[in-house]
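entry.txt follows; it contains compact mmCIF, C-alpha atoms.
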```txt
# COMPACT_ATOMS: atom_id res chain seq x y z
CA MET A 24 -19.32 21.80 -32.12
CA ALA A 25 -15.89 20.73 -33.28
CA SER A 26 -15.10 24.13 -34.76
CA LYS A 27 -16.39 25.82 -31.61
CA ALA A 28 -14.12 23.62 -29.51
CA LEU A 29 -11.18 24.56 -31.69
CA THR A 30 -11.97 28.26 -31.35
CA VAL A 31 -12.17 27.89 -27.57
CA LEU A 32 -8.82 26.11 -27.54
CA LYS A 33 -7.12 28.76 -29.65
CA GLU A 34 -8.57 31.62 -27.63
CA ASN A 35 -7.76 30.18 -24.23
CA VAL A 36 -4.23 29.15 -25.09
CA TRP A 37 -3.19 32.06 -27.24
CA THR A 38 -5.42 34.98 -28.31
CA ASN A 39 -7.15 35.31 -24.95
CA ASN A 40 -4.64 33.56 -22.71
CA PRO A 41 -5.69 33.97 -19.05
CA VAL A 42 -2.26 35.08 -17.88
CA LEU A 43 -0.93 36.96 -20.91
CA ILE A 44 -4.09 38.78 -21.99
CA GLN A 45 -6.53 38.68 -19.09
CA ILE A 46 -3.74 39.12 -16.51
CA LEU A 47 -5.41 36.65 -14.15
CA GLY A 48 -3.77 34.19 -11.80
CA ILE A 49 -0.71 36.40 -11.41
CA CYS A 50 -0.48 35.75 -7.68
CA SER A 51 0.24 32.07 -8.16
CA THR A 52 2.47 32.85 -11.13
CA LEU A 53 4.74 34.72 -8.75
CA ALA A 54 4.51 32.23 -5.92
CA VAL A 55 4.94 28.73 -7.30
CA THR A 56 7.03 29.06 -10.45
CA ASN A 57 10.50 28.48 -9.03
CA ASN A 58 10.51 24.79 -9.71
CA LEU A 59 8.95 22.76 -12.51
CA ARG A 60 7.49 19.87 -10.54
CA ASN A 61 5.46 22.00 -8.15
CA THR A 62 4.38 24.24 -11.01
CA LEU A 63 3.17 21.23 -12.99
CA VAL A 64 1.13 19.82 -10.09
CA MET A 65 -0.30 23.22 -9.25
CA THR A 66 -1.31 24.02 -12.85
CA VAL A 67 -2.81 20.57 -13.38
CA GLY A 68 -4.80 21.22 -10.20
CA VAL A 69 -5.99 24.58 -11.54
CA ALA A 70 -6.89 23.09 -14.94
CA LEU A 71 -8.89 20.25 -13.37
CA THR A 72 -10.62 22.53 -10.88
CA THR A 73 -11.53 25.00 -13.62
CA ALA A 74 -12.82 22.23 -15.89
CA PHE A 75 -14.90 20.39 -13.32
CA SER A 76 -16.27 23.48 -11.60
CA SER A 77 -17.22 25.03 -14.97
CA MET A 78 -18.93 21.80 -15.99
CA THR A 79 -20.80 21.45 -12.70
CA LEU A 80 -21.87 25.10 -12.66
CA SER A 81 -22.96 24.92 -16.28
CA ALA A 82 -25.07 21.85 -15.53
CA MET A 83 -26.61 23.60 -12.52
CA LYS A 84 -27.02 27.03 -14.10
CA ASP A 85 -30.79 26.82 -14.69
CA LEU A 86 -31.40 25.91 -11.07
CA ILE A 87 -29.23 28.54 -9.40
CA PRO A 88 -31.13 31.59 -8.11
CA ARG A 89 -29.46 34.84 -9.26
CA LYS A 90 -29.10 36.09 -5.70
CA VAL A 91 -26.84 33.29 -4.57
CA ARG A 92 -25.01 32.70 -7.88
CA MET A 93 -21.58 33.68 -6.58
CA ILE A 94 -22.04 31.82 -3.32
CA VAL A 95 -22.80 28.63 -5.21
CA GLN A 96 -19.83 29.20 -7.53
CA VAL A 97 -17.47 29.56 -4.59
CA LEU A 98 -18.99 26.48 -2.97
CA VAL A 99 -18.47 24.35 -6.07
CA ILE A 100 -14.93 25.63 -6.67
CA SER A 101 -13.86 25.07 -3.08
CA PHE A 102 -15.41 21.61 -3.22
CA TYR A 103 -13.09 20.58 -6.04
CA VAL A 104 -10.05 22.24 -4.48
CA ILE A 105 -10.56 20.39 -1.19
CA LEU A 106 -11.10 17.17 -3.13
CA ILE A 107 -7.76 17.67 -4.91
CA ASP A 108 -6.11 18.39 -1.57
CA ILE A 109 -7.52 15.18 -0.09
CA VAL A 110 -6.38 13.11 -3.08
CA LEU A 111 -2.86 14.59 -2.96
CA ARG A 112 -2.54 14.00 0.77
CA ALA A 113 -3.60 10.39 0.40
CA TYR A 114 -1.81 9.37 -2.79
CA LEU A 115 1.04 11.86 -3.39
CA PRO A 116 2.16 12.78 0.16
CA ASP A 117 5.54 14.13 -1.00
CA VAL A 118 4.00 16.52 -3.51
CA SER A 119 1.36 17.54 -1.00
CA ARG A 120 4.08 18.33 1.56
CA GLN A 121 6.05 20.40 -0.94
CA LEU A 122 3.06 22.36 -2.18
CA GLY A 123 1.95 23.05 1.38
CA PRO A 124 -0.58 25.88 1.44
CA TYR A 125 -0.53 26.43 -2.32
CA VAL A 126 -3.15 23.78 -3.03
CA GLY A 127 -5.61 25.64 -0.83
CA LEU A 128 -4.71 28.81 -2.70
CA ILE A 129 -5.99 27.35 -5.98
CA ILE A 130 -9.38 28.59 -4.85
CA THR A 131 -8.20 32.20 -4.98
CA ASN A 132 -7.16 31.78 -8.60
CA CYS A 133 -9.34 34.20 -10.52
CA ILE A 134 -9.21 32.16 -13.70
CA ILE A 135 -11.58 29.62 -12.16
CA MET A 136 -14.26 32.09 -11.16
CA GLY A 137 -13.61 34.07 -14.33
CA ARG A 138 -14.43 31.09 -16.53
CA ALA A 139 -17.44 30.19 -14.39
CA GLU A 140 -18.82 33.72 -14.84
CA ALA A 141 -17.77 34.41 -18.40
CA PHE A 142 -18.28 31.04 -20.05
CA ALA A 143 -20.09 28.39 -17.98
CA GLN A 144 -23.02 30.75 -17.38
CA ALA A 145 -23.93 30.70 -21.06
CA ASN A 146 -22.68 27.37 -22.41
CA LYS A 147 -23.37 23.64 -22.24
CA PRO A 148 -21.58 21.50 -19.60
CA LEU A 149 -19.30 19.63 -22.00
CA LEU A 150 -18.11 22.76 -23.78
CA SER A 151 -17.63 24.45 -20.39
CA PHE A 152 -15.48 21.53 -19.30
CA TRP A 153 -13.38 21.95 -22.44
CA ASP A 154 -13.19 25.69 -21.85
CA GLY A 155 -11.91 25.04 -18.32
CA ILE A 156 -9.31 22.52 -19.47
CA THR A 157 -8.01 24.79 -22.22
CA SER A 158 -7.91 27.82 -19.92
CA GLY A 159 -5.86 25.67 -17.58
CA LEU A 160 -3.60 24.70 -20.47
CA GLY A 161 -3.04 28.35 -21.38
CA TYR A 162 -2.19 29.06 -17.75
CA MET A 163 0.04 26.00 -17.56
CA ALA A 164 1.94 26.88 -20.74
CA VAL A 165 2.93 30.32 -19.45
CA LEU A 166 3.79 29.12 -15.95
CA MET A 167 5.83 26.16 -17.14
CA ALA A 168 7.83 28.40 -19.48
CA ILE A 169 8.59 30.78 -16.61
CA ALA A 170 9.34 27.93 -14.21
CA ALA A 171 11.77 26.37 -16.71
CA VAL A 172 13.82 29.59 -16.83
CA ARG A 173 13.65 30.10 -13.07
CA GLU A 174 14.60 26.55 -12.15
CA LEU A 175 17.37 26.40 -14.73
CA LEU A 176 19.03 29.61 -13.57
CA GLY A 177 18.03 29.44 -9.90
CA PHE A 178 18.92 25.81 -9.19
CA GLY A 179 20.83 24.75 -12.33
CA SER A 180 18.36 21.92 -12.79
CA LEU A 181 15.18 20.95 -14.66
CA PHE A 182 12.53 18.82 -12.86
CA GLY A 183 15.14 18.40 -10.13
CA LEU A 184 17.71 16.88 -12.52
CA ARG A 185 20.96 18.74 -12.66
CA VAL A 186 21.46 20.23 -16.15
CA LEU A 187 24.07 22.91 -15.76
CA PRO A 188 27.62 21.98 -14.69
CA ALA A 189 28.41 21.87 -10.98
CA GLY A 190 30.55 25.00 -11.27
CA PHE A 191 27.50 27.07 -12.21
CA THR A 192 26.62 29.65 -9.56
CA PRO A 193 22.81 29.70 -9.06
CA TRP A 194 21.15 33.07 -9.53
CA THR A 195 19.56 33.65 -6.13
CA ILE A 196 17.14 36.22 -7.57
CA MET A 197 15.60 33.51 -9.74
CA VAL A 198 14.25 31.56 -6.76
CA MET A 199 12.78 34.71 -5.21
CA ALA A 200 9.41 36.16 -6.24
CA PRO A 201 10.82 39.33 -7.92
CA SER A 202 12.30 37.37 -10.81
CA ALA A 203 8.80 36.16 -11.70
CA PHE A 204 7.76 39.81 -12.10
CA PHE A 205 10.46 40.38 -14.69
CA LEU A 206 9.81 37.12 -16.48
CA VAL A 207 6.03 37.53 -16.57
CA ALA A 208 6.43 41.05 -17.90
CA ILE A 209 8.90 39.95 -20.57
CA THR A 210 6.63 37.05 -21.58
CA ILE A 211 3.58 39.32 -21.81
CA TRP A 212 5.58 41.81 -23.85
CA ALA A 213 6.80 39.12 -26.23
CA ALA A 214 3.32 37.62 -26.64
CA LYS A 215 1.68 40.98 -27.23
CA THR A 216 4.31 41.92 -29.80
CA MET A 217 3.80 38.67 -31.67
CA GLN A 218 0.03 39.04 -31.58
CA ALA A 219 0.19 42.64 -32.78
CA ARG A 220 2.40 41.68 -35.70
CA LYS A 221 0.03 38.95 -36.84
CA PRO A 222 -3.46 40.26 -36.03
CA ALA A 223 -5.82 37.49 -34.95
CA LYS A 224 -8.40 36.70 -37.64
CA SER A 225 -11.17 36.10 -35.14
CA ALA A 226 -12.04 39.18 -33.17
CA PRO A 227 -11.30 38.82 -29.46
CA ARG A 228 -14.23 37.72 -27.41
CA PRO A 229 -16.03 40.85 -26.27
CA ALA A 230 -17.58 40.20 -22.88
CA ALA A 231 -14.85 38.03 -21.44
CA VAL A 232 -14.45 40.35 -18.52
CA ALA A 233 -13.68 38.33 -15.47
CA PRO A 234 -13.67 39.61 -11.91
CA GLN A 235 -10.63 41.72 -11.25
CA GLY A 236 -8.20 40.06 -9.00
CA ARG A 237 -4.86 38.64 -8.26
CA MET B 10 -41.99 27.55 -6.92
CA LYS B 11 -40.46 30.73 -8.28
CA LYS B 12 -36.69 30.54 -8.72
CA ASP B 13 -36.10 33.90 -7.10
CA SER B 14 -38.37 33.38 -4.13
CA LEU B 15 -36.82 33.48 -0.68
CA VAL B 16 -37.85 29.93 0.20
CA TYR B 17 -36.40 28.44 -3.00
CA THR B 18 -33.14 30.34 -2.55
CA VAL B 19 -32.71 29.20 1.04
CA VAL B 20 -33.70 25.60 0.35
CA PHE B 21 -31.53 25.42 -2.79
CA THR B 22 -28.46 26.81 -1.04
CA PHE B 23 -28.97 24.49 1.91
CA VAL B 24 -29.40 21.38 -0.22
CA VAL B 25 -26.45 22.18 -2.48
CA ALA B 26 -24.16 22.89 0.47
CA LEU B 27 -25.30 19.73 2.22
CA ALA B 28 -24.68 17.57 -0.84
CA PHE B 29 -21.18 18.90 -1.56
CA VAL B 30 -20.07 18.84 2.07
CA PHE B 31 -21.37 15.29 2.40
CA VAL B 32 -19.23 14.12 -0.51
CA LEU B 33 -16.18 15.86 0.96
CA ALA B 34 -16.75 14.33 4.38
CA LEU B 35 -17.05 10.94 2.71
CA ALA B 36 -13.81 11.42 0.72
CA ASN B 37 -12.02 12.58 3.85
CA ASP B 38 -13.26 9.59 5.80
CA LEU B 39 -12.33 7.10 3.08
CA THR B 40 -8.77 8.38 2.82
CA ALA B 41 -8.25 9.00 6.56
CA ALA B 42 -6.51 5.66 7.13
CA ARG B 43 -4.22 6.23 4.15
CA VAL B 44 -3.36 9.75 5.25
CA ALA B 45 -2.58 8.56 8.77
CA ASP B 46 -0.44 5.82 7.24
CA ASN B 47 1.49 8.36 5.13
CA LYS B 48 2.04 10.50 8.19
CA ALA B 49 3.29 7.58 10.24
CA PHE B 50 5.64 6.60 7.43
CA ALA B 51 7.00 10.15 7.19
CA THR B 52 7.81 10.05 10.91
CA GLN B 53 9.32 6.58 10.79
CA SER B 54 11.50 7.31 7.76
CA ALA B 55 12.74 10.52 9.42
CA VAL B 56 13.68 8.56 12.57
CA LEU B 57 15.59 6.04 10.45
CA LYS B 58 17.33 8.81 8.52
CA ALA B 59 18.40 10.48 11.77
CA LEU B 60 19.75 7.15 13.00
CA GLY B 61 21.61 6.70 9.74
CA VAL B 62 19.76 3.49 8.86
CA ASP B 63 19.20 2.87 5.15
CA TYR B 64 16.07 1.24 3.77
CA ALA B 65 15.05 0.23 0.28
CA ASP B 66 11.27 0.59 0.38
CA PRO B 67 8.45 1.65 2.74
CA ASP B 68 7.88 -1.94 3.91
CA GLU B 69 11.49 -2.38 4.91
CA ALA B 70 11.40 0.98 6.65
CA ARG B 71 8.37 -0.09 8.69
CA ARG B 72 10.03 -3.36 9.62
CA LEU B 73 13.33 -1.74 10.60
CA PHE B 74 11.52 0.92 12.60
CA ALA B 75 9.57 -1.72 14.53
CA GLU B 76 12.74 -3.76 15.15
CA LEU B 77 15.10 -0.99 16.14
CA THR B 78 13.20 1.60 18.07
CA LEU B 79 11.44 1.75 21.38
CA ASP B 80 8.93 4.47 22.09
CA ALA B 81 10.22 6.91 24.72
CA GLY B 82 7.85 9.80 24.09
CA ASP B 83 7.02 12.05 27.02
CA ALA B 84 4.76 15.00 27.69
CA THR B 85 7.02 17.31 25.65
CA GLY B 86 6.74 15.29 22.46
CA PRO B 87 7.60 12.12 20.58
CA ALA B 88 10.93 10.40 21.24
CA TRP B 89 12.45 6.97 20.70
CA LYS B 90 15.35 4.88 21.98
CA ALA B 91 17.45 2.66 19.77
CA THR B 92 20.70 0.75 19.75
CA ILE B 93 22.70 0.97 16.53
CA ASP B 94 25.99 -0.99 16.25
CA GLY B 95 26.16 -1.37 20.03
CA GLN B 96 25.74 2.35 20.63
CA SER B 97 22.54 3.34 22.39
CA LEU B 98 20.93 6.45 20.93
CA VAL B 99 18.01 8.71 21.70
CA VAL B 100 15.88 10.19 18.91
CA VAL B 101 13.70 13.20 19.59
CA GLN B 102 11.24 15.06 17.41
CA GLU B 103 11.53 18.79 17.94
CA THR B 104 9.59 21.69 16.44
CA GLY B 105 10.67 25.30 16.46
CA ALA B 106 10.22 28.54 14.56
CA GLY B 107 11.99 28.91 11.23
CA LEU B 108 12.01 32.07 9.15
CA TRP B 109 8.55 31.54 7.61
CA GLY B 110 6.97 28.76 9.57
CA ALA B 111 7.63 25.90 11.92
CA ILE B 112 10.50 23.54 11.22
CA THR B 113 10.17 20.02 12.60
CA ILE B 114 13.32 17.93 12.87
CA MET B 115 14.26 14.48 14.03
CA LEU B 116 17.55 14.38 15.93
CA ALA B 117 19.44 11.28 17.01
CA ALA B 118 22.19 11.65 19.62
CA ARG B 119 24.02 9.71 22.30
CA PRO B 120 22.09 9.61 25.59
CA ASP B 121 24.38 12.23 27.20
CA ALA B 122 23.87 14.45 24.13
CA GLY B 123 27.65 14.52 23.73
CA ARG B 124 27.59 13.60 20.08
CA VAL B 125 24.91 13.92 17.42
CA SER B 126 24.27 10.84 15.36
CA GLY B 127 22.19 12.47 12.67
CA VAL B 128 19.51 15.02 11.86
CA ALA B 129 16.56 14.66 9.49
CA ILE B 130 13.87 17.16 8.55
CA LEU B 131 10.24 16.20 8.89
CA ALA B 132 8.63 19.47 7.82
CA GLN B 133 9.76 22.94 6.83
CA ASN B 134 8.39 25.90 4.86
CA GLU B 135 11.57 27.89 4.22
CA THR B 136 12.23 29.71 0.94
CA PRO B 137 12.87 27.13 -1.79
CA GLY B 138 16.42 27.42 -3.07
CA LEU B 139 17.58 29.43 -0.03
CA GLY B 140 16.44 28.35 3.43
CA GLY B 141 14.87 25.31 1.80
CA ARG B 142 18.37 24.01 1.16
CA ILE B 143 18.58 22.88 4.80
CA GLU B 144 16.99 19.71 3.39
CA GLU B 145 20.05 19.06 1.25
CA ALA B 146 22.42 16.28 2.26
CA ALA B 147 25.43 18.61 2.08
CA PHE B 148 24.01 20.60 4.99
CA LEU B 149 22.51 17.76 7.05
CA ASP B 150 25.49 15.44 6.70
CA GLN B 151 27.64 17.93 8.61
CA PHE B 152 25.71 16.93 11.75
CA ARG B 153 26.65 13.24 11.46
CA GLY B 154 28.91 12.39 14.39
CA GLU B 155 29.32 16.06 15.35
CA ARG B 156 30.46 16.69 18.91
CA SER B 157 27.70 18.46 20.81
CA ASP B 158 28.41 18.52 24.55
CA GLY B 159 28.64 22.30 24.36
CA GLY B 160 25.72 22.58 21.92
CA ILE B 161 26.09 23.04 18.20
CA ASP B 162 26.99 26.33 16.64
CA VAL B 163 25.66 27.01 13.13
CA ALA B 164 28.06 29.43 11.48
CA VAL B 165 26.59 32.19 9.32
CA GLY B 166 27.77 35.30 7.50
CA ALA B 167 31.49 36.04 7.64
CA GLU B 168 32.11 32.95 9.80
CA LEU B 169 31.09 30.66 6.96
CA SER B 170 33.91 28.63 5.55
CA GLY B 171 31.82 28.11 2.44
CA LEU B 172 32.98 24.52 2.11
CA GLY B 173 30.97 22.86 4.83
CA ASP B 174 32.58 22.03 8.14
CA PRO B 175 34.36 18.67 7.94
CA ASP B 176 35.69 18.66 11.53
CA PRO B 177 33.38 16.51 13.69
CA ASP B 178 34.99 17.61 16.94
CA ASN B 179 34.52 21.37 16.96
CA GLY B 180 30.75 21.46 17.51
CA ARG B 181 30.33 23.71 14.51
CA VAL B 182 28.57 23.34 11.18
CA ASP B 183 28.32 25.73 8.26
CA GLY B 184 24.96 27.40 7.77
CA VAL B 185 23.33 27.81 4.37
CA THR B 186 24.62 30.73 2.31
CA GLY B 187 21.93 33.33 1.74
CA ALA B 188 19.79 31.92 4.51
CA SER B 189 21.32 33.16 7.76
CA ARG B 190 18.01 33.50 9.60
CA THR B 191 16.96 29.97 8.70
CA SER B 192 20.39 28.62 9.65
CA VAL B 193 20.37 30.33 13.05
CA ALA B 194 16.83 29.13 13.71
CA PHE B 195 17.87 25.62 12.74
CA GLY B 196 20.74 25.76 15.24
CA THR B 197 18.32 26.83 17.99
CA ILE B 198 16.01 23.91 17.22
CA VAL B 199 18.94 21.45 17.19
CA ASN B 200 20.11 22.68 20.59
CA ALA B 201 16.59 22.47 22.00
CA ALA B 202 16.44 18.90 20.74
CA LEU B 203 19.78 18.13 22.44
CA ALA B 204 18.41 19.49 25.70
CA ARG B 205 15.47 17.11 25.37
CA VAL B 206 17.78 14.18 24.72
CA ARG B 207 19.51 15.01 27.99
CA ALA B 208 16.17 15.32 29.83
CA ILE B 209 14.97 11.96 28.52
CA SER B 210 18.24 10.20 29.44
CA GLY B 211 18.29 11.88 32.84
CA GLY B 212 15.00 10.19 33.66
CA LEU B 213 16.55 6.73 33.21
```
Taking this structure as input, can you express it in the form of structure tokens?
Amino acid sequence: MASKALTVLKENVWTNNPVLIQILGICSTLAVTNNLRNTLVMTVGVALTTAFSSMTLSAMKDLIPRKVRMIVQVLVISFYVILIDIVLRAYLPDVSRQLGPYVGLIITNCIIMGRAEAFAQANKPLLSFWDGITSGLGYMAVLMAIAAVRELLGFGSLFGLRVLPAGFTPWTIMVMAPSAFFLVAITIWAAKTMQARKPAKSAPRPAAVAPQGR
Amino acid sequence: MKKDSLVYTVVFTFVVALAFVFVLALANDLTAARVADNKAFATQSAVLKALGVDYADPDEARRLFAELTLDAGDATGPAWKATIDGQSLVVVQETGAGLWGAITIMLAARPDAGRVSGVAILAQNETPGLGGRIEEAAFLDQFRGERSDGGIDVAVGAELSGLGDPDPDNGRVDGVTGASRTSVAFGTIVNAALARVRAISGGL
């Protein structure tokens, strides 16, 4: 169990990273990564939603009729997303206001459904929960790295604290979506190059094909 | 009962949906008071900001709001009356179209709308880092004490001085660089709010 958990962690964060390798969740990568605080809240939301929905679906998997499998998955995922939205509105109103519609958009993140289909279908609830958390961590790592560059160059600050001197002219492109395209591409390129140089000892998971999406 | 039978599928889907929706309804109901409270506080703190009243914590803000303001809302929307340092002021909440979505502001001005006391933003969805910078103090502070009997002109493009507009008597403020559309929209909303201040005072 412990070694399995470690394998899952390594795969989800590095060798089979949802953003870098599976190219999932790109839509939100482009949309929310221009400041670190929002990115952090959003990725924590995605990690928790993925973990809890995978766990719930894994626990329910023997009861779900094949015909309505996807419907139930969407139901469970949206349940957790709305729950997160309610909690944010009640306890973190400022963050909720800043994130605006993005919390609702967590549901369109393909990583969540991807993990439900590819992993939770065939594994025990606890391991599925871990798989969801680590997938979220892999997603968070990439997004936070991109957000750090974008906030630093676009606002001259990190987590809203001014880092660069006042004379620094912010790069407007960094707060716009196009810069995320460049940065995601560069990050994917760098990660792929590193992985190709040091071939992963464990073969990549074969049937980890998640639904194609944004 | 067979798992793939029609009856099982329908019953299962119904029960699962009912259970999850019930929990959500419960969570929504339990937090409703808190959410309403947050919303009320957001409005009250924006009114105080527009009036230029400082507060240390939410409790003080609630107390000051209750002490200082008098509800003067009409059919067009929420509004308040207040007297700060002997000067009577009217605060109106005004919503208008920004570049991406609605912008809601709180504007405090003298009853004849001849001078703005302050502007605060309640909600906006402009581009972070560009139009979103209308929330910054450097932009909003230009409105403090600005003369507004001829409306307020938000300068954009080549008219920008780039340094903010320090003159409180020319009825002009600098827009946000790189966000001309948001700046112009903001000016329209401010002027609509001034018109409402006049309408509310006219009914005195």
message = Quick check: residues of chain B within 6 Å of chain A, all atoms listed in the file, returned as an MDAnalysis selection string.
response = chainID B and resid 12:13 43:44 138
task = Find the residues around region 25-29 of chain A up to 12 Å (only C-alpha atoms counted), leave out those fewer than 5 positions away in its own chain, and share them as a list in words.
result =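 That gives Glu34, Asn35, Val36, Trp37, Asn146, Lys147, Leu149, Leu150, Ser151, Phe152, Trp153, Asp154, Gly155, Ile156 and Thr157 of chain A.
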Let me have the centre and edge lengths of the axis-aligned box enclosing all listed atoms of region 42-53 of chain B with 4 Å padding on every side, in Å to one decimal, as JSON.
```
{"center_x": 1.4, "center_y": 8.1, "center_z": 7.5, "size_x": 23.8, "size_y": 12.8, "size_z": 14.8}
```
query = Which is closer to Leu80 (chain A) than all the others in A:Val67, A:Leu166, A:Ile135, A:Leu43, using all atoms listed in the file?
reply = A:Ile135
task = Skip region 65-75 of chain B itself and residues of its chain fewer than 4 positions away, then list as JSON, numbers by chain all residues within 9 Å of it, counting only C-alpha atoms.
result = {"B": [50, 53, 54, 56, 57, 79]}
Distance of CA of Arg119 (chain B) from CA of Gly140 (chain B), expressed in Å to one decimal place = 27.6 Å
For the interface of region 37-144 of chain B with region 186-209 of chain B (cut-off 6 Å, counting all atoms listed in the file), please tabulate each contacting residue of region 37-144 of chain B alongside its nearest pair of atoms and their separation in Å to one decimal, rows sorted by chain and increasing number, as a tab-separated table.
```
residue	atom	partner	partner_atom	distance
B:Glu103	CA	B:Ala202	CA	5.7
B:Gly105	CA	B:Ile198	CA	5.6
B:Gly107	CA	B:Ala194	CA	5.4
B:Leu108	CA	B:Thr191	CA	5.4
B:Asp121	CA	B:Arg207	CA	5.7
B:Ala122	CA	B:Leu203	CA	5.8
B:Leu139	CA	B:Ala188	CA	5.6
B:Gly140	CA	B:Ala188	CA	5.0
```
query = CA of Gly127 (chain B) to CA of Val100 (chain B): how many Å, to one decimal?
reply =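 Those two atoms sit 9.2 Å apart.
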request  = Calculate how many Å separate CA of Val207 (chain A) from CA of Thr56 (chain A), rounding to one decimal.
outcome  =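 That distance, rounded to one decimal, is 10.5 Å.
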